[in-house]
$ cat target_17.cif   # mmCIF, C-alpha atoms
data_work
loop_
_atom_site.label_atom_id
_atom_site.label_comp_id
_atom_site.auth_asym_id
_atom_site.auth_seq_id
_atom_site.Cartn_x
_atom_site.Cartn_y
_atom_site.Cartn_z
CA MET A 18 -26.82 -20.86 -4.03
CA ILE A 19 -25.34 -17.38 -3.55
CA ILE A 20 -21.86 -17.05 -2.03
CA LEU A 21 -20.14 -13.89 -0.79
CA SER A 22 -16.34 -13.73 -0.73
CA LEU A 23 -14.51 -11.17 1.41
CA ASN A 24 -10.85 -10.22 1.30
CA CYS A 25 -10.08 -7.78 4.11
CA GLY A 26 -6.93 -5.69 4.16
CA SER A 27 -5.89 -3.17 6.78
CA SER A 28 -7.78 -0.34 5.03
CA SER A 29 -9.81 -2.14 2.37
CA VAL A 30 -12.43 -4.83 1.79
CA LYS A 31 -12.64 -6.56 -1.59
CA PHE A 32 -15.73 -8.63 -2.32
CA MET A 33 -17.47 -10.76 -4.90
CA LEU A 34 -21.06 -12.04 -4.92
CA PHE A 35 -21.47 -15.21 -6.96
CA ASP A 36 -24.52 -17.20 -8.01
CA TYR A 37 -23.26 -20.76 -8.02
CA ASP A 38 -26.37 -22.18 -9.67
CA THR A 39 -25.98 -20.02 -12.77
CA GLN A 40 -22.16 -19.83 -12.50
CA LYS A 41 -22.29 -16.06 -12.85
CA THR A 42 -20.74 -13.21 -10.91
CA MET A 43 -23.51 -10.96 -9.63
CA ALA A 44 -21.42 -8.12 -8.22
CA THR A 45 -17.86 -7.19 -7.35
CA GLY A 46 -16.36 -4.27 -5.52
CA LEU A 47 -13.62 -2.80 -3.40
CA VAL A 48 -14.16 -0.56 -0.40
CA GLU A 49 -11.09 1.63 0.08
CA ARG A 50 -9.84 3.93 2.86
CA VAL A 51 -11.55 1.90 5.60
CA THR A 52 -10.58 3.37 9.02
CA VAL A 53 -8.66 6.28 7.43
CA GLY A 54 -11.49 8.60 6.30
CA GLN A 55 -13.13 9.55 2.98
CA SER A 56 -14.06 5.92 2.36
CA PHE A 57 -15.54 4.90 -0.99
CA MET A 58 -16.47 1.80 -2.97
CA LYS A 59 -15.75 0.87 -6.56
CA TYR A 60 -18.76 -1.25 -7.44
CA SER A 61 -19.78 -3.23 -10.50
CA ALA A 62 -22.91 -5.34 -10.80
CA ASP A 63 -23.98 -7.85 -13.44
CA GLY A 64 -21.47 -6.68 -16.03
CA ARG A 65 -22.46 -3.02 -15.80
CA GLU A 66 -19.98 -0.14 -15.78
CA SER A 67 -18.29 0.42 -12.44
CA ALA A 68 -19.63 3.09 -10.12
CA LYS A 69 -17.94 4.97 -7.30
CA LEU A 70 -20.01 5.16 -4.12
CA GLU A 71 -19.03 7.21 -1.08
CA HIS A 72 -19.77 6.22 2.51
CA GLU A 73 -17.69 6.73 5.64
CA CYS A 74 -16.36 3.44 7.08
CA PRO A 75 -14.60 4.00 10.42
CA ASP A 76 -14.18 0.23 10.85
CA HIS A 77 -14.51 -3.06 8.96
CA LYS A 78 -17.95 -3.75 10.41
CA GLU A 79 -19.29 -0.60 8.77
CA ALA A 80 -17.50 -1.46 5.52
CA ILE A 81 -19.24 -4.83 5.41
CA ARG A 82 -22.59 -3.17 6.19
CA PHE A 83 -21.86 -0.78 3.31
CA ILE A 84 -21.31 -3.76 1.01
CA LEU A 85 -24.46 -5.56 2.12
CA ASN A 86 -26.61 -2.40 1.87
CA THR A 87 -25.29 -1.81 -1.65
CA ILE A 88 -26.02 -5.30 -2.97
CA VAL A 89 -29.64 -5.05 -1.73
CA ASP A 90 -30.13 -1.43 -2.81
CA PRO A 91 -33.37 -1.16 -4.89
CA LYS A 92 -31.63 0.80 -7.67
CA ILE A 93 -28.17 -0.73 -8.05
CA GLY A 94 -28.33 -3.90 -5.96
CA VAL A 95 -28.63 -7.47 -7.16
CA LEU A 96 -30.37 -9.14 -4.19
CA LYS A 97 -33.77 -8.58 -2.61
CA ASP A 98 -32.57 -9.66 0.81
CA ILE A 99 -29.19 -10.44 2.40
CA HIS A 100 -30.66 -13.70 3.68
CA GLN A 101 -30.28 -15.00 0.12
CA ILE A 102 -26.56 -15.34 0.91
CA ALA A 103 -25.86 -19.01 1.68
CA ALA A 104 -22.28 -18.70 2.96
CA VAL A 105 -19.28 -16.37 3.20
CA GLY A 106 -15.67 -17.11 2.32
CA HIS A 107 -12.87 -15.09 3.95
CA ARG A 108 -9.24 -14.79 2.98
CA ALA A 109 -6.93 -16.02 5.76
CA VAL A 110 -3.26 -15.33 5.19
CA HIS A 111 -1.40 -17.33 7.83
CA GLY A 112 -2.53 -20.57 9.41
CA GLY A 113 0.89 -21.89 10.42
CA GLU A 114 0.98 -25.70 10.39
CA ARG A 115 -2.45 -25.84 12.01
CA PHE A 116 -4.38 -25.47 8.76
CA THR A 117 -3.39 -27.29 5.58
CA LYS A 118 -6.56 -26.42 3.67
CA SER A 119 -9.60 -24.14 3.89
CA VAL A 120 -11.79 -24.59 6.99
CA ARG A 121 -15.12 -23.64 8.52
CA ILE A 122 -14.62 -20.75 10.94
CA THR A 123 -15.17 -21.42 14.65
CA PRO A 124 -14.05 -19.48 17.74
CA ASP A 125 -11.04 -21.82 17.99
CA VAL A 126 -10.09 -21.09 14.38
CA ILE A 127 -10.23 -17.34 14.99
CA GLN A 128 -8.12 -17.69 18.12
CA THR A 129 -5.48 -19.59 16.13
CA PHE A 130 -5.29 -16.73 13.63
CA LYS A 131 -4.88 -14.30 16.51
CA ASP A 132 -2.09 -16.42 17.97
CA LEU A 133 -0.28 -16.04 14.64
CA TYR A 134 -0.54 -12.24 14.42
CA ASP A 135 3.24 -11.88 14.78
CA LEU A 136 3.82 -14.00 11.69
CA ALA A 137 1.60 -11.92 9.39
CA PRO A 138 1.31 -8.50 11.08
CA LEU A 139 -0.08 -6.72 8.01
CA HIS A 140 -2.67 -9.37 7.14
CA ASN A 141 -3.91 -11.61 9.93
CA PRO A 142 -5.30 -8.75 12.08
CA PRO A 143 -7.48 -7.25 9.30
CA ASN A 144 -8.46 -10.76 8.14
CA VAL A 145 -9.75 -11.50 11.64
CA LEU A 146 -11.44 -8.09 11.88
CA GLY A 147 -13.30 -8.91 8.68
CA MET A 148 -14.31 -12.36 9.91
CA GLU A 149 -15.63 -11.04 13.21
CA ALA A 150 -17.39 -8.11 11.54
CA ALA A 151 -19.08 -10.30 8.92
CA MET A 152 -20.10 -12.91 11.48
CA HIS A 153 -21.67 -10.10 13.54
CA VAL A 154 -23.63 -8.75 10.56
CA LEU A 155 -24.42 -12.21 9.10
CA PRO A 156 -24.60 -14.47 12.16
CA ASP A 157 -26.87 -17.13 10.69
CA VAL A 158 -24.78 -18.29 7.72
CA PRO A 159 -21.63 -20.45 7.69
CA HIS A 160 -18.31 -18.64 7.29
CA MET A 161 -15.21 -20.30 5.83
CA ALA A 162 -11.52 -19.35 6.03
CA ILE A 163 -9.73 -19.78 2.72
CA MET A 164 -6.08 -20.45 3.54
CA ASP A 165 -3.34 -18.57 1.69
CA THR A 166 -0.74 -21.05 2.93
CA ALA A 167 -2.59 -24.25 1.93
CA TRP A 168 -1.30 -24.31 -1.66
CA HIS A 169 2.30 -24.53 -0.43
CA GLN A 170 1.81 -27.59 1.77
CA THR A 171 3.31 -29.73 -1.02
CA MET A 172 6.77 -28.16 -0.67
CA PRO A 173 9.47 -30.72 0.19
CA GLN A 174 11.18 -30.43 3.55
CA HIS A 175 14.49 -29.35 2.02
CA ALA A 176 12.67 -26.35 0.47
CA TYR A 177 10.67 -25.24 3.49
CA MET A 178 13.19 -25.74 6.30
CA TYR A 179 15.67 -23.06 7.37
CA ALA A 180 19.32 -23.69 8.32
CA ILE A 181 18.73 -22.68 11.94
CA PRO A 182 18.90 -24.70 15.19
CA SER A 183 16.49 -27.60 14.71
CA GLU A 184 14.95 -27.09 18.14
CA TRP A 185 13.49 -23.78 16.90
CA TYR A 186 11.38 -25.69 14.42
CA ALA A 187 10.41 -28.26 17.07
CA LYS A 188 9.40 -25.55 19.57
CA TYR A 189 8.06 -22.76 17.36
CA LYS A 190 7.45 -24.32 13.91
CA LEU A 191 9.81 -21.82 12.29
CA ARG A 192 9.84 -22.72 8.58
CA ARG A 193 8.89 -21.42 5.17
CA TYR A 194 5.10 -21.29 4.72
CA GLY A 195 4.59 -19.17 1.61
CA PHE A 196 1.62 -16.99 0.72
CA HIS A 197 -0.54 -15.84 -2.23
CA GLY A 198 -1.63 -19.49 -2.40
CA THR A 199 -5.11 -18.88 -3.83
CA SER A 200 -3.63 -16.70 -6.57
CA PHE A 201 -0.98 -19.27 -7.50
CA LEU A 202 -3.54 -22.07 -7.47
CA TYR A 203 -5.78 -20.19 -9.90
CA VAL A 204 -3.11 -19.09 -12.38
CA ALA A 205 -1.35 -22.48 -12.30
CA LYS A 206 -4.55 -24.26 -13.26
CA ARG A 207 -5.27 -21.69 -15.97
CA ALA A 208 -1.70 -21.90 -17.35
CA ALA A 209 -2.13 -25.66 -17.72
CA VAL A 210 -5.28 -25.02 -19.78
CA LEU A 211 -3.42 -22.57 -22.05
CA LEU A 212 -0.57 -25.04 -22.46
CA GLY A 213 -3.03 -27.83 -23.25
CA LYS A 214 -1.46 -30.03 -20.60
CA ASP A 215 -2.51 -32.03 -17.56
CA PRO A 216 -2.11 -29.59 -14.62
CA PHE A 217 0.02 -32.18 -12.83
CA LYS A 218 2.45 -32.41 -15.74
CA CYS A 219 3.28 -28.69 -15.83
CA ASN A 220 6.39 -26.93 -14.58
CA LEU A 221 5.82 -23.22 -14.03
CA VAL A 222 7.40 -20.14 -12.50
CA CYS A 223 4.56 -17.89 -11.32
CA LEU A 224 5.05 -14.29 -10.22
CA HIS A 225 2.39 -12.56 -8.13
CA ILE A 226 3.42 -8.90 -8.29
CA GLY A 227 1.24 -6.43 -6.45
CA ASN A 228 1.92 -4.39 -3.33
CA GLY A 229 2.94 -7.75 -1.88
CA VAL A 230 5.14 -9.80 -4.20
CA SER A 231 6.10 -13.46 -4.31
CA ALA A 232 7.42 -16.07 -6.71
CA ASN A 233 6.36 -19.71 -6.86
CA ALA A 234 8.22 -22.65 -8.37
CA ILE A 235 5.63 -25.21 -9.46
CA LYS A 236 6.83 -28.73 -10.29
CA ASN A 237 4.39 -31.23 -11.77
CA GLY A 238 1.49 -28.95 -10.84
CA CYS A 239 2.39 -28.57 -7.16
CA SER A 240 4.15 -25.86 -5.20
CA TYR A 241 7.82 -26.82 -4.88
CA ASP A 242 9.32 -23.61 -3.51
CA THR A 243 8.23 -20.03 -2.90
CA SER A 244 9.93 -16.76 -2.06
CA MET A 245 7.93 -15.68 0.99
CA GLY A 246 8.88 -17.55 4.13
CA LEU A 247 7.84 -17.74 7.76
CA THR A 248 6.17 -14.38 7.18
CA PRO A 249 5.38 -12.38 4.02
CA LEU A 250 8.55 -10.32 4.57
CA GLU A 251 11.04 -12.61 2.81
CA GLY A 252 11.78 -12.73 -0.90
CA LEU A 253 11.14 -10.18 -3.63
CA ILE A 254 11.12 -6.40 -3.25
CA MET A 255 7.58 -5.22 -2.43
CA GLY A 256 5.64 -2.00 -2.01
CA THR A 257 6.70 -1.49 1.60
CA ARG A 258 8.56 -4.73 2.50
CA ALA A 259 12.32 -5.18 2.21
CA GLY A 260 12.37 -8.77 0.99
CA ASP A 261 15.71 -10.60 0.97
CA HIS A 262 18.57 -8.85 2.75
CA ASP A 263 21.40 -9.60 5.18
CA ALA A 264 19.78 -10.22 8.59
CA ALA A 265 22.87 -8.74 10.28
CA LEU A 266 21.85 -5.38 8.79
CA ASP A 267 18.84 -5.37 11.11
CA PHE A 268 20.96 -5.94 14.22
CA TYR A 269 23.41 -3.26 13.07
CA ILE A 270 20.68 -0.62 12.82
CA MET A 271 19.05 -1.75 16.07
CA GLU A 272 22.36 -1.21 17.84
CA LYS A 273 23.28 2.03 16.08
CA GLU A 274 19.87 3.70 16.36
CA GLY A 275 18.46 1.96 19.43
CA LYS A 276 15.53 0.37 17.59
CA THR A 277 13.44 -2.22 19.40
CA PRO A 278 12.54 -5.51 17.67
CA LYS A 279 8.98 -4.21 17.23
CA GLN A 280 10.22 -0.98 15.64
CA MET A 281 12.55 -2.87 13.31
CA ASN A 282 9.76 -5.24 12.31
CA ASP A 283 7.60 -2.22 11.51
CA ILE A 284 10.34 -0.60 9.41
CA LEU A 285 11.01 -3.76 7.39
CA ASN A 286 7.31 -4.42 6.75
CA LYS A 287 5.88 -0.93 6.34
CA LYS A 288 8.72 1.50 5.47
CA SER A 289 11.04 -0.46 3.19
CA GLY A 290 10.75 -1.93 -0.31
CA ILE A 291 9.78 0.53 -3.05
CA LEU A 292 8.83 3.09 -0.40
CA GLY A 293 12.23 2.74 1.25
CA ILE A 294 14.11 3.13 -2.04
CA THR A 295 12.15 6.12 -3.34
CA GLY A 296 11.18 7.72 -0.04
CA LYS A 297 7.70 8.54 -1.34
CA PHE A 298 6.15 5.91 -3.64
CA THR A 299 4.60 2.46 -3.29
CA ASP A 300 2.36 2.45 -6.37
CA ARG A 301 4.43 1.30 -9.37
CA ARG A 302 2.44 3.59 -11.67
CA ASP A 303 3.78 6.55 -9.70
CA VAL A 304 7.27 5.05 -9.79
CA GLU A 305 7.22 4.59 -13.57
CA GLN A 306 5.89 8.10 -14.16
CA ALA A 307 8.56 9.58 -11.89
CA ALA A 308 11.30 7.57 -13.60
CA GLU A 309 10.17 8.88 -17.00
CA LYS A 310 10.57 12.42 -15.61
CA GLY A 311 14.13 11.71 -14.49
CA ASP A 312 13.67 10.71 -10.84
CA GLU A 313 16.78 8.61 -10.15
CA SER A 314 15.39 6.92 -7.03
CA ALA A 315 12.36 5.79 -9.02
CA ARG A 316 14.58 4.50 -11.82
CA LEU A 317 16.67 2.60 -9.28
CA ALA A 318 13.54 1.09 -7.69
CA ILE A 319 12.45 -0.31 -11.07
CA GLU A 320 15.89 -1.74 -11.78
CA MET A 321 16.18 -3.30 -8.34
CA GLU A 322 12.72 -4.86 -8.39
CA ALA A 323 13.09 -6.29 -11.90
CA TYR A 324 16.57 -7.64 -11.16
CA ARG A 325 15.35 -9.46 -8.05
CA ILE A 326 12.47 -10.99 -10.04
CA LYS A 327 14.89 -12.10 -12.77
CA LYS A 328 17.10 -13.85 -10.20
CA TYR A 329 14.12 -15.79 -8.88
CA ILE A 330 13.01 -16.77 -12.39
CA GLY A 331 16.45 -18.24 -13.03
CA ALA A 332 16.74 -19.96 -9.66
CA TYR A 333 13.26 -21.47 -9.76
CA THR A 334 13.63 -22.63 -13.35
CA ALA A 335 16.75 -24.52 -12.24
CA ALA A 336 14.98 -25.90 -9.15
CA ILE A 337 12.15 -27.49 -11.18
CA GLY A 338 14.35 -28.73 -14.03
CA GLY A 339 13.05 -26.30 -16.64
CA ALA A 340 9.80 -24.38 -17.03
CA ASP A 341 6.99 -24.82 -19.53
CA ALA A 342 5.87 -21.25 -18.86
CA ILE A 343 6.43 -18.12 -16.83
CA VAL A 344 3.25 -16.49 -15.52
CA PHE A 345 2.82 -12.86 -14.43
CA THR A 346 -0.22 -11.98 -12.32
CA ALA A 347 -1.68 -9.48 -9.80
CA GLY A 348 -1.87 -5.70 -10.23
CA VAL A 349 1.70 -4.95 -11.30
CA GLY A 350 2.25 -8.28 -13.02
CA GLU A 351 -0.89 -7.80 -15.09
CA MET A 352 -0.45 -4.11 -15.89
CA SER A 353 3.27 -3.17 -15.93
CA ASP A 354 4.96 -3.95 -19.24
CA VAL A 355 8.06 -2.19 -17.88
CA ILE A 356 8.59 -4.62 -14.99
CA ARG A 357 7.76 -7.66 -17.17
CA ALA A 358 10.20 -6.60 -19.89
CA LYS A 359 13.07 -5.90 -17.53
CA ALA A 360 12.48 -9.10 -15.55
CA CYS A 361 12.70 -11.23 -18.73
CA GLU A 362 15.49 -9.27 -20.40
CA GLY A 363 18.58 -11.39 -20.98
CA LEU A 364 16.86 -14.72 -20.37
CA GLU A 365 16.92 -15.75 -24.03
CA TYR A 366 19.70 -18.23 -23.27
CA MET A 367 17.23 -20.28 -21.20
CA GLY A 368 14.50 -20.18 -23.82
CA VAL A 369 12.60 -17.09 -22.64
CA LYS A 370 11.88 -14.54 -25.33
CA ILE A 371 9.11 -11.97 -25.09
CA ASP A 372 7.61 -9.97 -27.94
CA PRO A 373 7.97 -6.23 -27.09
CA ALA A 374 4.82 -5.25 -28.98
CA ARG A 375 2.72 -7.98 -27.37
CA ASN A 376 4.09 -7.03 -23.97
CA ARG A 377 3.13 -3.37 -24.46
CA GLU A 378 -0.42 -4.36 -25.45
CA ALA A 379 -0.94 -6.59 -22.41
CA HIS A 380 -2.63 -4.16 -20.03
CA THR A 381 -5.88 -5.80 -18.96
CA ARG A 382 -7.47 -7.38 -15.91
CA ASN A 383 -9.97 -9.25 -18.07
CA ALA A 384 -8.07 -11.40 -20.59
CA GLU A 385 -5.39 -14.06 -20.45
CA THR A 386 -2.67 -12.96 -22.85
CA GLU A 387 0.57 -14.39 -24.21
CA ILE A 388 3.55 -12.06 -24.48
CA SER A 389 6.19 -14.58 -25.57
CA ALA A 390 7.61 -14.26 -29.07
CA PRO A 391 6.90 -16.93 -31.69
CA GLY A 392 9.36 -19.78 -31.22
CA SER A 393 10.05 -18.99 -27.55
CA LYS A 394 10.87 -22.31 -25.89
CA VAL A 395 9.36 -21.10 -22.63
CA ARG A 396 5.97 -19.45 -23.04
CA VAL A 397 5.21 -16.28 -21.10
CA PHE A 398 1.63 -15.58 -20.02
CA VAL A 399 -0.10 -12.69 -18.28
CA ILE A 400 -3.02 -14.28 -16.44
CA PRO A 401 -5.32 -12.06 -14.36
CA THR A 402 -5.73 -13.78 -11.02
CA ASP A 403 -9.13 -14.62 -9.56
CA GLU A 404 -8.61 -15.45 -5.91
CA GLU A 405 -12.28 -14.84 -5.18
CA ARG A 406 -13.27 -17.67 -7.51
CA VAL A 407 -11.04 -20.01 -5.50
CA PHE A 408 -12.81 -18.77 -2.36
CA ILE A 409 -16.18 -19.60 -3.91
CA GLU A 410 -15.22 -23.11 -4.94
CA ASP A 411 -13.68 -23.94 -1.57
CA VAL A 412 -16.75 -22.63 0.26
CA VAL A 413 -19.12 -24.70 -1.85
CA GLY A 414 -16.89 -27.74 -1.52
CA ILE A 415 -16.96 -27.44 2.28
CA LEU A 416 -20.73 -26.87 2.30
CA LYS A 417 -21.24 -30.03 0.23
CA SER A 418 -18.63 -32.03 2.19
CA LYS A 419 -16.68 -32.62 -1.03
CA TYR A 420 -13.71 -30.35 -0.44
CA GLU A 421 -10.14 -31.68 -0.46
CA GLU A 422 -6.69 -30.23 -1.04
CA HIS A 423 -6.16 -29.22 -4.68
CA THR A 424 -4.40 -32.48 -5.64
CA LYS A 425 -7.71 -34.29 -5.05
CA PHE A 426 -10.18 -31.53 -5.90
CA SER A 427 -11.20 -30.45 -9.40
CA TYR A 428 -11.91 -26.75 -9.95
CA PRO A 429 -14.22 -25.62 -12.80
CA PHE A 430 -11.66 -23.08 -13.97
CA GLN A 431 -9.14 -25.83 -14.81
CA LYS A 432 -11.40 -26.98 -17.65
CA PRO A 433 -10.76 -25.74 -21.22
CA ASP A 434 -14.36 -24.57 -21.68
CA TYR A 435 -14.41 -22.42 -18.53
CA ILE A 436 -15.75 -18.89 -19.06
CA ASN A 437 -15.73 -15.99 -16.63
CA HIS A 438 -18.88 -14.25 -17.87
CA GLN A 439 -18.26 -10.91 -16.16
CA ARG A 440 -14.72 -10.66 -17.48
CA LYS A 441 -15.93 -11.61 -20.94
CA THR A 442 -18.40 -8.72 -20.89
CA GLU A 443 -15.79 -6.26 -19.64
CA LEU A 444 -13.27 -7.54 -22.19
CA GLY A 445 -15.76 -6.80 -24.97
CA ARG A 446 -15.75 -3.15 -23.90
CA GLU A 447 -11.95 -3.12 -23.76
CA LEU A 448 -11.63 -4.57 -27.27
CA GLU A 449 -13.76 -1.74 -28.66
CA LYS A 450 -11.20 0.72 -27.29
CA LYS A 451 -8.08 -1.38 -27.78
CA PRO A 452 -8.50 -3.87 -30.66
CA GLY A 453 -4.79 -4.79 -30.49
CA LEU A 454 -5.56 -6.91 -27.45
CA ARG A 455 -7.36 -9.41 -29.67
CA GLY A 456 -4.09 -10.51 -31.24
CA ILE A 457 -2.46 -11.56 -27.96
CA ILE A 458 -5.35 -13.24 -26.14
CA ALA A 459 -4.21 -16.74 -25.16
CA LEU A 460 -6.60 -19.55 -26.03
CA PRO A 461 -6.43 -23.26 -25.14
CA PRO A 462 -5.02 -25.43 -27.95
CA GLN A 463 -7.62 -26.94 -30.27
CA LYS A 464 -7.85 -30.70 -30.05
#
$ encode --input "target_17.cif" --output "structure tokens"
Amino acid sequence: MIILSLNCGSSSVKFMLFDYDTQKTMATGLVERVTVGQSFMKYSADGRESAKLEHECPDHKEAIRFILNTIVDPKIGVLKDIHQIAAVGHRAVHGGERFTKSVRITPDVIQTFKDLYDLAPLHNPPNVLGMEAAMHVLPDVPHMAIMDTAWHQTMPQHAYMYAIPSEWYAKYKLRRYGFHGTSFLYVAKRAAVLLGKDPFKCNLVCLHIGNGVSANAIKNGCSYDTSMGLTPLEGLIMGTRAGDHDAALDFYIMEKEGKTPKQMNDILNKKSGILGITGKFTDRRDVEQAAEKGDESARLAIEMEAYRIKKYIGAYTAAIGGADAIVFTAGVGEMSDVIRAKACEGLEYMGVKIDPARNREAHTRNAETEISAPGSKVRVFVIPTDEERVFIEDVVGILKSKYEEHTKFSYPFQKPDYINHQRKTELGRELEKKPGLRGIIALPPQK
């Protein structure tokens, strides 16, 4: 059974093709610059070196055609025919209270996502574009929506409610929903394996740090609190989002500069965060390089982002009564030793101590590493996320009518003997170039 997963952003489509019978990844890739010109794909098949392929994609439909044509290409493809694909899983960011777990996509489901555009303006529209485009190109296979918000349905009411007039919740369901759920689900289950513990006896603080950023307090294996709220705007400092700030500031600027609510929403979501602080950067690699060259706005952006992360680590550790581990994941979390070091600096009093050398070595998307120092009461892991694998498992579970919320559903990757074959192959290449990685790879305890 071959499953295709699709994760559509506003100008990108990330995909994975997975053979469920052999439990192997057949191909992965990312189409970038969709709708903006000079589109290209980074493509890797069956453990081979990545290739860059160029093809203009004026819309998501063409991007998905590009993907499908590539995976059946006689020279670099891995399928003889696209009809070998049994089902497609799509990332869906915001389902409100309507969806508490992944679902089969119907016209009603798509309409619900459209009704929630205002709550996830950067994500729901491209998610829906991807669903509609894929269903047009692959009309004869089932399509599933994998819910970003489902993981957080275990939050207690006192964590997800806001101190606003109660009728607003009754009328509009205004509450904290949380996002990055598939990422947190994956790394939480993997952290439990590395700790050698039952996943439902683990307390964790997980940090998904990419262009979007959120923190998750996990108590006894379930989401207890999270930094993103009604929309993905709340919480930590992000690439272009402001995160936490005084709401009165928004009204002040609207009055002073005559901004409409729509304009203010656009500024807070697309022109703030790291971009707002520096005036020119969103990519943390650019920020770190600029800071090294003396750019004060870049230096300030690093300090502000790391400080906000540190505050959430402390608050969430208190909320769950102490953490077994802190987990960094996603692009920046997996690759930036600078942000990790500054976020953990000064937390020794609460049992968090990282090893500077280990932290500097931990730059990989293919290995789970431990950066905590020997004797650290709280362990610190860098775990590359694998949201697409969550997509695959949910899709297959729905197809087989066995799918339930994660508290009742066992994922293969929560088992100690789980192996991601493609990452293992890619890690082998990395170790040839960077043997120091071998010393920090985190392995499950031996029984």
$ axis_aligned_box --input "target_17.cif" --around "stretch 338-355 of chain A" --padding-each-side "8 Å" --output "AutoDock Vina command-line options"
--center_x 6.2 --center_y -15.5 --center_z -14.7 --size_x 32.2 --size_y 42.5 --size_z 25.7
$ atom_distance --input "target_17.cif" --atom1 "atom CA of A:Thr295" --atom2 "atom CA of A:Met271"
22.1 Å
$ residues_around --input "target_17.cif" --residues "stretch 297-311 of chain A" --least-positions-apart "2" --cutoff "9 Å" --atoms "all atoms listed in the file" --output "number ranges by chain"
A: 227-228, 255-257, 290-295, 313-319, 349, 353, 355
$ residues_near_point --input "target_17.cif" --point "(14.1, -0.5, -24.2)" --cutoff "12 Å" --atoms "only C-alpha atoms" --output "JSON, numbers by chain"
{"A": [354, 355, 356, 357, 358, 359, 362, 373, 374, 376, 377]}
$ atom_distance --input "target_17.cif" --atom1 "atom CA of A:Leu202" --atom2 "atom CA of A:Pro391"
26.9 Å
$ atom_distance --input "target_17.cif" --atom1 "atom CA of A:Phe426" --atom2 "atom CA of A:Tyr37"
17.1 Å
$ resolve_selection --input "target_17.cif" --expression "the PyMOL selection byres ((chain A and resi 46) around 8)" --output "PyMOL selection string"
chain A and resi 31-33+44-45+47-48+58-61
$ write_last_selection --input "target_17.cif" --atoms "C-alpha atoms" --output "tab-separated table (two decimals), keeping the file's coordinate frame"
chain	number	residue	atom	x	y	z
A	31	LYS	CA	-12.64	-6.56	-1.59
A	32	PHE	CA	-15.73	-8.63	-2.32
A	33	MET	CA	-17.47	-10.76	-4.90
A	44	ALA	CA	-21.42	-8.12	-8.22
A	45	THR	CA	-17.86	-7.19	-7.35
A	47	LEU	CA	-13.62	-2.80	-3.40
A	48	VAL	CA	-14.16	-0.56	-0.40
A	58	MET	CA	-16.47	1.80	-2.97
A	59	LYS	CA	-15.75	0.87	-6.56
A	60	TYR	CA	-18.76	-1.25	-7.44
A	61	SER	CA	-19.78	-3.23	-10.50
